[in-house]
Structures are given as structure tokens and as C-alpha cells.
$ cat run.cif   # mmCIF, N, CA and C atoms and all ligand atoms
data_my_file
loop_
_atom_site.label_atom_id
_atom_site.label_comp_id
_atom_site.auth_asym_id
_atom_site.auth_seq_id
_atom_site.Cartn_x
_atom_site.Cartn_y
_atom_site.Cartn_z
N MET A 1 169.40 76.25 196.65
CA MET A 1 170.33 75.45 195.84
C MET A 1 170.75 74.17 196.58
N ILE A 2 171.13 74.34 197.85
CA ILE A 2 171.56 73.18 198.65
C ILE A 2 170.38 72.22 198.82
N LYS A 3 169.18 72.82 199.04
CA LYS A 3 167.98 71.99 199.22
C LYS A 3 167.68 71.20 197.94
N LEU A 4 167.92 71.87 196.80
CA LEU A 4 167.70 71.19 195.51
C LEU A 4 168.66 70.00 195.37
N ILE A 5 169.92 70.21 195.75
CA ILE A 5 170.90 69.11 195.66
C ILE A 5 170.49 67.99 196.62
N HIS A 6 170.04 68.40 197.83
CA HIS A 6 169.60 67.43 198.83
C HIS A 6 168.45 66.57 198.29
N MET A 7 167.44 67.24 197.72
CA MET A 7 166.28 66.51 197.20
C MET A 7 166.65 65.66 195.98
N THR A 8 167.57 66.18 195.15
CA THR A 8 167.99 65.42 193.97
C THR A 8 168.75 64.16 194.38
N THR A 9 169.66 64.31 195.37
CA THR A 9 170.42 63.12 195.80
C THR A 9 169.50 62.12 196.50
N ALA A 10 168.44 62.62 197.18
CA ALA A 10 167.47 61.70 197.79
C ALA A 10 166.76 60.91 196.68
N PHE A 11 166.41 61.62 195.61
CA PHE A 11 165.74 60.97 194.47
C PHE A 11 166.68 59.95 193.80
N ILE A 12 167.95 60.34 193.63
CA ILE A 12 168.92 59.42 193.01
C ILE A 12 169.12 58.20 193.91
N SER A 13 169.15 58.43 195.24
CA SER A 13 169.35 57.34 196.19
C SER A 13 168.26 56.27 196.04
N ILE A 14 167.00 56.72 196.00
CA ILE A 14 165.91 55.73 195.91
C ILE A 14 165.87 55.10 194.51
N SER A 15 166.25 55.89 193.49
CA SER A 15 166.25 55.33 192.12
C SER A 15 167.31 54.22 191.99
N LEU A 16 168.51 54.50 192.54
CA LEU A 16 169.57 53.49 192.49
C LEU A 16 169.18 52.26 193.31
N PHE A 17 168.49 52.50 194.43
CA PHE A 17 168.07 51.37 195.27
C PHE A 17 167.06 50.48 194.52
N LEU A 18 166.09 51.13 193.84
CA LEU A 18 165.09 50.37 193.06
C LEU A 18 165.78 49.58 191.95
N MET A 19 166.76 50.22 191.31
CA MET A 19 167.47 49.57 190.20
C MET A 19 168.27 48.36 190.71
N ARG A 20 168.97 48.57 191.83
CA ARG A 20 169.77 47.47 192.37
C ARG A 20 168.87 46.33 192.86
N GLY A 21 167.70 46.69 193.40
CA GLY A 21 166.74 45.66 193.83
C GLY A 21 166.33 44.81 192.64
N TYR A 22 166.02 45.48 191.54
CA TYR A 22 165.62 44.79 190.32
C TYR A 22 166.72 43.83 189.87
N TRP A 23 167.98 44.30 189.91
CA TRP A 23 169.09 43.45 189.48
C TRP A 23 169.30 42.27 190.42
N VAL A 24 169.16 42.52 191.73
CA VAL A 24 169.32 41.42 192.69
C VAL A 24 168.23 40.36 192.46
N PHE A 25 166.99 40.81 192.26
CA PHE A 25 165.89 39.85 192.09
C PHE A 25 166.03 39.06 190.79
N ARG A 26 166.72 39.64 189.80
CA ARG A 26 166.92 38.93 188.53
C ARG A 26 168.28 38.23 188.46
N ASN A 27 169.01 38.24 189.59
CA ASN A 27 170.37 37.68 189.62
C ASN A 27 171.24 38.25 188.50
N SER A 28 171.13 39.56 188.28
CA SER A 28 171.85 40.18 187.17
C SER A 28 173.34 40.36 187.48
N PRO A 29 174.20 40.17 186.47
CA PRO A 29 175.64 40.41 186.67
C PRO A 29 175.96 41.89 186.89
N MET A 30 174.97 42.78 186.64
CA MET A 30 175.18 44.22 186.84
C MET A 30 175.64 44.52 188.26
N MET A 31 175.20 43.66 189.22
CA MET A 31 175.51 43.93 190.63
C MET A 31 177.01 43.85 190.91
N SER A 32 177.78 43.18 190.04
CA SER A 32 179.21 43.10 190.31
C SER A 32 180.01 44.19 189.59
N LYS A 33 179.31 45.06 188.85
CA LYS A 33 180.01 46.18 188.19
C LYS A 33 180.54 47.14 189.25
N LYS A 34 181.72 47.69 188.94
CA LYS A 34 182.38 48.56 189.92
C LYS A 34 181.55 49.81 190.23
N TRP A 35 181.00 50.48 189.17
CA TRP A 35 180.28 51.73 189.42
C TRP A 35 179.04 51.51 190.27
N VAL A 36 178.44 50.30 190.14
CA VAL A 36 177.22 50.00 190.91
C VAL A 36 177.55 49.92 192.41
N LYS A 37 178.79 49.55 192.71
CA LYS A 37 179.20 49.48 194.11
C LYS A 37 179.59 50.86 194.65
N ILE A 38 180.12 51.73 193.76
CA ILE A 38 180.69 53.01 194.23
C ILE A 38 179.68 54.16 194.22
N VAL A 39 178.96 54.33 193.08
CA VAL A 39 178.11 55.52 192.89
C VAL A 39 177.09 55.73 194.03
N PRO A 40 176.39 54.66 194.51
CA PRO A 40 175.42 54.90 195.59
C PRO A 40 176.07 55.51 196.84
N HIS A 41 177.31 55.10 197.15
CA HIS A 41 177.97 55.63 198.35
C HIS A 41 178.36 57.09 198.17
N VAL A 42 178.83 57.42 196.96
CA VAL A 42 179.18 58.82 196.68
C VAL A 42 177.92 59.69 196.80
N ASN A 43 176.83 59.22 196.19
CA ASN A 43 175.57 59.96 196.22
C ASN A 43 175.07 60.14 197.67
N ASP A 44 175.11 59.05 198.44
CA ASP A 44 174.60 59.13 199.82
C ASP A 44 175.48 60.04 200.69
N THR A 45 176.77 60.12 200.35
CA THR A 45 177.66 61.04 201.08
C THR A 45 177.23 62.49 200.80
N VAL A 46 176.94 62.79 199.53
CA VAL A 46 176.49 64.14 199.17
C VAL A 46 175.15 64.43 199.86
N LEU A 47 174.26 63.43 199.91
CA LEU A 47 172.96 63.58 200.58
C LEU A 47 173.17 63.98 202.05
N LEU A 48 174.09 63.31 202.72
CA LEU A 48 174.33 63.59 204.14
C LEU A 48 175.02 64.93 204.35
N ILE A 49 175.95 65.28 203.44
CA ILE A 49 176.63 66.58 203.57
C ILE A 49 175.61 67.71 203.42
N THR A 50 174.72 67.60 202.40
CA THR A 50 173.72 68.66 202.20
C THR A 50 172.73 68.68 203.37
N ALA A 51 172.42 67.50 203.93
CA ALA A 51 171.53 67.44 205.10
C ALA A 51 172.15 68.24 206.25
N THR A 52 173.47 68.06 206.44
CA THR A 52 174.16 68.77 207.52
C THR A 52 174.14 70.28 207.27
N ILE A 53 174.43 70.68 206.02
CA ILE A 53 174.44 72.13 205.70
C ILE A 53 173.04 72.73 205.93
N LEU A 54 171.98 71.99 205.50
CA LEU A 54 170.61 72.49 205.68
C LEU A 54 170.27 72.63 207.16
N ALA A 55 170.66 71.61 207.94
CA ALA A 55 170.35 71.65 209.38
C ALA A 55 171.02 72.85 210.03
N VAL A 56 172.28 73.10 209.66
CA VAL A 56 173.00 74.25 210.23
C VAL A 56 172.34 75.55 209.77
N SER A 57 171.95 75.60 208.48
CA SER A 57 171.40 76.86 207.97
C SER A 57 170.04 77.20 208.57
N ILE A 58 169.25 76.19 208.94
CA ILE A 58 167.97 76.54 209.61
C ILE A 58 168.07 76.37 211.13
N GLN A 59 169.29 76.10 211.60
CA GLN A 59 169.54 75.99 213.05
C GLN A 59 168.62 74.99 213.74
N GLN A 60 168.43 73.85 213.07
CA GLN A 60 167.65 72.77 213.69
C GLN A 60 168.47 71.50 213.57
N TYR A 61 168.51 70.72 214.67
CA TYR A 61 169.44 69.60 214.69
C TYR A 61 168.80 68.31 215.18
N PRO A 62 169.32 67.15 214.67
CA PRO A 62 168.88 65.85 215.22
C PRO A 62 169.19 65.79 216.71
N PHE A 63 168.35 65.12 217.45
CA PHE A 63 168.45 64.96 218.91
C PHE A 63 168.19 66.27 219.65
N VAL A 64 167.75 67.30 218.89
CA VAL A 64 167.26 68.53 219.51
C VAL A 64 165.83 68.74 218.99
N HIS A 65 165.67 68.61 217.66
CA HIS A 65 164.36 68.77 217.05
C HIS A 65 163.87 67.40 216.56
N SER A 66 162.66 67.03 217.03
CA SER A 66 162.22 65.64 216.89
C SER A 66 162.10 65.17 215.43
N TRP A 67 161.70 66.09 214.51
CA TRP A 67 161.53 65.62 213.12
C TRP A 67 162.89 65.24 212.51
N LEU A 68 163.97 65.95 212.92
CA LEU A 68 165.29 65.60 212.39
C LEU A 68 165.85 64.35 213.07
N THR A 69 165.47 64.15 214.35
CA THR A 69 165.84 62.91 215.04
C THR A 69 165.20 61.74 214.31
N ALA A 70 163.89 61.89 214.02
CA ALA A 70 163.16 60.82 213.31
C ALA A 70 163.80 60.55 211.96
N LYS A 71 164.19 61.64 211.27
CA LYS A 71 164.77 61.49 209.93
C LYS A 71 166.07 60.70 209.97
N ILE A 72 166.92 61.06 210.93
CA ILE A 72 168.24 60.41 210.94
C ILE A 72 168.13 58.95 211.40
N ILE A 73 167.23 58.68 212.37
CA ILE A 73 167.05 57.28 212.82
C ILE A 73 166.45 56.46 211.67
N ALA A 74 165.45 57.05 211.00
CA ALA A 74 164.83 56.33 209.88
C ALA A 74 165.83 56.12 208.74
N LEU A 75 166.73 57.09 208.56
CA LEU A 75 167.76 56.93 207.51
C LEU A 75 168.67 55.74 207.82
N ILE A 76 169.05 55.61 209.11
CA ILE A 76 169.91 54.47 209.50
C ILE A 76 169.16 53.15 209.28
N ILE A 77 167.85 53.15 209.64
CA ILE A 77 167.05 51.93 209.44
C ILE A 77 166.94 51.60 207.95
N TYR A 78 166.75 52.65 207.13
CA TYR A 78 166.67 52.47 205.66
C TYR A 78 167.96 51.86 205.12
N ILE A 79 169.10 52.37 205.61
CA ILE A 79 170.40 51.84 205.14
C ILE A 79 170.56 50.37 205.56
N LEU A 80 170.21 50.06 206.82
CA LEU A 80 170.36 48.67 207.29
C LEU A 80 169.43 47.72 206.53
N LEU A 81 168.16 48.14 206.36
CA LEU A 81 167.21 47.29 205.62
C LEU A 81 167.72 47.07 204.19
N GLY A 82 168.28 48.14 203.60
CA GLY A 82 168.81 48.06 202.24
C GLY A 82 169.97 47.07 202.15
N MET A 83 170.85 47.11 203.17
CA MET A 83 171.99 46.18 203.16
C MET A 83 171.52 44.73 203.23
N PHE A 84 170.47 44.48 204.04
CA PHE A 84 169.95 43.11 204.13
C PHE A 84 169.26 42.71 202.82
N ALA A 85 168.49 43.65 202.24
CA ALA A 85 167.77 43.33 201.00
C ALA A 85 168.75 43.02 199.86
N LEU A 86 169.81 43.82 199.74
CA LEU A 86 170.69 43.71 198.57
C LEU A 86 171.87 42.78 198.79
N LYS A 87 172.22 42.52 200.06
CA LYS A 87 173.47 41.81 200.30
C LYS A 87 173.33 40.62 201.25
N TYR A 88 172.87 40.88 202.48
CA TYR A 88 173.02 39.86 203.51
C TYR A 88 171.92 38.80 203.55
N ALA A 89 170.68 39.16 203.17
CA ALA A 89 169.62 38.15 203.22
C ALA A 89 169.92 37.08 202.17
N LYS A 90 169.76 35.82 202.56
CA LYS A 90 170.12 34.75 201.62
C LYS A 90 168.90 34.29 200.80
N GLU A 91 167.76 34.13 201.51
CA GLU A 91 166.58 33.63 200.78
C GLU A 91 165.86 34.78 200.06
N MET A 92 165.33 34.46 198.88
CA MET A 92 164.68 35.48 198.07
C MET A 92 163.51 36.14 198.80
N LYS A 93 162.72 35.33 199.56
CA LYS A 93 161.55 35.93 200.22
C LYS A 93 161.98 36.94 201.29
N ASN A 94 163.13 36.68 201.93
CA ASN A 94 163.64 37.65 202.91
C ASN A 94 164.17 38.91 202.23
N LYS A 95 164.82 38.72 201.09
CA LYS A 95 165.30 39.89 200.32
C LYS A 95 164.12 40.80 199.98
N VAL A 96 163.02 40.17 199.48
CA VAL A 96 161.85 40.94 199.08
C VAL A 96 161.26 41.67 200.29
N LEU A 97 161.18 40.96 201.42
CA LEU A 97 160.62 41.55 202.64
C LEU A 97 161.44 42.77 203.07
N PHE A 98 162.77 42.63 203.14
CA PHE A 98 163.62 43.76 203.54
C PHE A 98 163.52 44.90 202.53
N PHE A 99 163.40 44.54 201.26
CA PHE A 99 163.30 45.55 200.21
C PHE A 99 162.03 46.40 200.40
N ILE A 100 160.90 45.72 200.65
CA ILE A 100 159.64 46.44 200.84
C ILE A 100 159.70 47.31 202.10
N LEU A 101 160.27 46.76 203.18
CA LEU A 101 160.38 47.55 204.42
C LEU A 101 161.28 48.77 204.21
N ALA A 102 162.34 48.62 203.41
CA ALA A 102 163.23 49.76 203.12
C ALA A 102 162.46 50.84 202.35
N LEU A 103 161.62 50.42 201.40
CA LEU A 103 160.84 51.39 200.61
C LEU A 103 159.85 52.14 201.52
N LEU A 104 159.23 51.39 202.44
CA LEU A 104 158.28 52.03 203.37
C LEU A 104 159.01 53.04 204.26
N THR A 105 160.21 52.66 204.70
CA THR A 105 160.99 53.55 205.56
C THR A 105 161.38 54.82 204.80
N PHE A 106 161.75 54.65 203.53
CA PHE A 106 162.11 55.82 202.71
C PHE A 106 160.89 56.75 202.56
N SER A 107 159.71 56.15 202.34
CA SER A 107 158.50 56.96 202.20
C SER A 107 158.25 57.74 203.49
N TYR A 108 158.48 57.08 204.62
CA TYR A 108 158.31 57.76 205.90
C TYR A 108 159.25 58.96 206.00
N ILE A 109 160.53 58.79 205.57
CA ILE A 109 161.51 59.89 205.65
C ILE A 109 161.02 61.08 204.81
N VAL A 110 160.53 60.80 203.60
CA VAL A 110 160.04 61.88 202.74
C VAL A 110 158.86 62.58 203.40
N SER A 111 157.95 61.79 204.00
CA SER A 111 156.77 62.40 204.63
C SER A 111 157.18 63.26 205.82
N VAL A 112 158.20 62.82 206.58
CA VAL A 112 158.68 63.63 207.70
C VAL A 112 159.32 64.92 207.17
N ALA A 113 160.07 64.80 206.05
CA ALA A 113 160.70 65.99 205.46
C ALA A 113 159.64 67.01 205.04
N LEU A 114 158.54 66.53 204.46
CA LEU A 114 157.53 67.45 203.94
C LEU A 114 156.68 68.07 205.04
N THR A 115 156.43 67.31 206.12
CA THR A 115 155.54 67.82 207.18
C THR A 115 156.30 68.42 208.35
N ARG A 116 157.62 68.15 208.40
CA ARG A 116 158.44 68.54 209.54
C ARG A 116 157.88 68.03 210.85
N SER A 117 157.26 66.84 210.77
CA SER A 117 156.73 66.21 211.99
C SER A 117 157.01 64.72 211.93
N PRO A 118 157.49 64.14 213.04
CA PRO A 118 157.77 62.70 213.02
C PRO A 118 156.51 61.85 213.12
N ILE A 119 155.41 62.46 213.63
CA ILE A 119 154.17 61.68 213.84
C ILE A 119 152.98 62.37 213.18
N TRP A 120 153.18 62.73 211.91
CA TRP A 120 152.15 63.43 211.14
C TRP A 120 150.88 62.60 211.00
N PHE A 121 151.01 61.25 211.16
CA PHE A 121 149.87 60.36 210.85
C PHE A 121 148.88 60.23 212.00
N ILE A 122 149.20 60.79 213.18
CA ILE A 122 148.26 60.67 214.31
C ILE A 122 147.19 61.76 214.20
C1 LIG A 201 166.89 59.43 202.63
C2 LIG A 201 167.04 60.47 203.41
C3 LIG A 201 166.41 61.81 203.20
C4 LIG A 201 165.41 62.22 202.35
C5 LIG A 201 164.62 61.37 201.35
C6 LIG A 201 165.20 63.62 202.57
C7 LIG A 201 164.26 64.40 201.90
C8 LIG A 201 164.10 65.75 202.05
C9 LIG A 201 163.17 66.58 201.31
C10 LIG A 201 162.20 66.07 200.24
C11 LIG A 201 163.32 67.87 201.74
C12 LIG A 201 162.55 69.10 201.26
C13 LIG A 201 161.37 69.35 202.17
C14 LIG A 201 160.61 70.63 201.83
O1 LIG A 201 161.16 71.56 201.26
O2 LIG A 201 159.43 70.70 202.16
C15 LIG A 201 164.34 67.86 202.77
C16 LIG A 201 164.77 68.96 203.46
C17 LIG A 201 165.62 68.92 204.54
N1 LIG A 201 166.26 67.81 205.04
FE1 LIG A 201 166.24 65.96 204.26
N2 LIG A 201 166.06 64.06 203.54
C18 LIG A 201 166.80 62.97 203.95
C19 LIG A 201 167.77 62.97 204.94
C20 LIG A 201 168.02 64.00 205.80
C21 LIG A 201 168.84 63.93 206.97
C22 LIG A 201 169.56 62.70 207.49
C23 LIG A 201 168.83 65.19 207.54
C24 LIG A 201 169.52 65.70 208.76
C25 LIG A 201 169.57 65.15 209.86
C26 LIG A 201 168.02 66.04 206.71
C27 LIG A 201 167.78 67.36 206.94
C28 LIG A 201 166.98 68.18 206.16
C29 LIG A 201 166.80 69.62 206.39
C30 LIG A 201 167.41 70.42 207.54
C31 LIG A 201 165.96 70.06 205.37
C32 LIG A 201 165.54 71.53 205.11
C33 LIG A 201 164.16 71.85 205.60
C34 LIG A 201 163.77 73.26 205.20
O3 LIG A 201 164.61 74.10 204.91
O4 LIG A 201 162.57 73.50 205.14
N3 LIG A 201 167.55 65.29 205.65
N4 LIG A 201 164.78 66.57 202.94
#
$ encode --input "run.cif" --output "C-alpha cells"
Amino acid sequence: MIKLIHMTTAFISISLFLMRGYWVFRNSPMMSKKWVKIVPHVNDTVLLITATILAVSIQQYPFVHSWLTAKIIALIIYILLGMFALKYAKEMKNKVLFFILALLTFSYIVSVALTRSPIWFI
């Protein structure tokens, strides 16, 4: 059940990110709506809470088990890239670049989750 919530919030997180990217690239007024600012944070909080519960339930932890270390570091990178893509980057080409890098980072997190290995590609 917790894993299902974790995976669902991960899916919602990337869906909201794709949607906000679309609105930023189209200069849409949707970006100033209150729910657009709040809902992603609520969802990401649930994602992190379920991540913590799962880690405790399987007794594996970041900075002890490498795949969870990779996941948490990549999650921080994903959040930072997302902030630059949606907020801080001024030029459109930089927004697009950060956006693509954030998507690649998210894909990496999913692949680490599925393989339980930080370097599955070697
Ligand atoms: C955007 C961020 C994240 C995404 C997309 C994500 C995705 C996933 C997915 C798809 C699974 C299911 C894997 C499977 O059943 O094969 C999973 C499980 C899990 N995730 Fe995450 N996750 C994220 C963040 C985190 C973080 C930050 C942590 C903790 C440090 C974490 C800890 C776990 C744990 C412990 C499991 C359970 C593994 C198991 O029981 O087999 N996740 N995650």
C-alpha cells in the first residue's frame, strides 16, 4: 500500500512537472495560480514521507545502501534542476536545457528504483 502511494506520488510529481514545463514554455498565466504553487509541494512531501516509511520497513537507508544514496542525491539534483527550469533560468534556451536534464535525472531515479543499483548501466 505504502509502495503504491510512493509510486503514485512519483508519477504525479513528474506529471505536474511536465505540465508546469509546458505552461512556462507557453508563458501561460496558469503558473501564477495558487494551487499550481502548492499542490506539487504537498505531493512531494507525501513522496518523501512514503520513501522514509519504505526505507525503514526494508531496513535499508541512504548513506548506508548505495542505491538509496544515489536516489536521494539524484532527487536533490532533480529538484534543483526543476527550480532552474521553472523559475530561476531567465533565457528560454536555458529553461529548456534544465528541463531536459531534470527529466533525464528523473528517469535515472526510476531506473535505480527498479534495479536497486546506482550503476545498473555498466
Ligand atoms: C522522484 C523520486 C523517486 C521516484 C521516482 C521513486 C520511484 C520508486 C519506484 C518506482 C519504486 C518501486 C520499485 C519496485 O517495486 O521495483 C520505489 C520504491 C522504493 N523507493 Fe522510491 N522513488 C523516489 C524517491 C525515493 C527516495 C528519496 C527514497 C529514499 C531515500 C526512496 C526509497 C524507496 C524504497 C525504500 C522503495 C522500496 C523498495 C522495495 O520495497 O522493493 N524513493 N521508488
$ atom_distance --input "run.cif" --atom1 "atom CA of A:Ile73" --atom2 "atom CA of A:Phe25"
27.1 Å
$ residues_near_ligand --input "run.cif" --ligand "ligand LIG 201 (chain A)" --cutoff "10 Å" --atoms "only C-alpha atoms and all ligand atoms" --output "PyMOL selection string"
chain A and resi 2-14+44+47-63+65+67-76+78-79+105-116
$ select_by_dssp --input "run.cif" --residues "chain A" --states "alpha helix (DSSP H)" --output "PyMOL selection string"
chain A and resi 2-25+34-57+66-83+92-115
$ atom_distance --input "run.cif" --atom1 "atom CA of A:Asn43" --atom2 "atom CA of A:Trp120"
28.0 Å
$ atom_distance --input "run.cif" --atom1 "atom N of A:Val96" --atom2 "atom N of A:Thr45"
24.2 Å
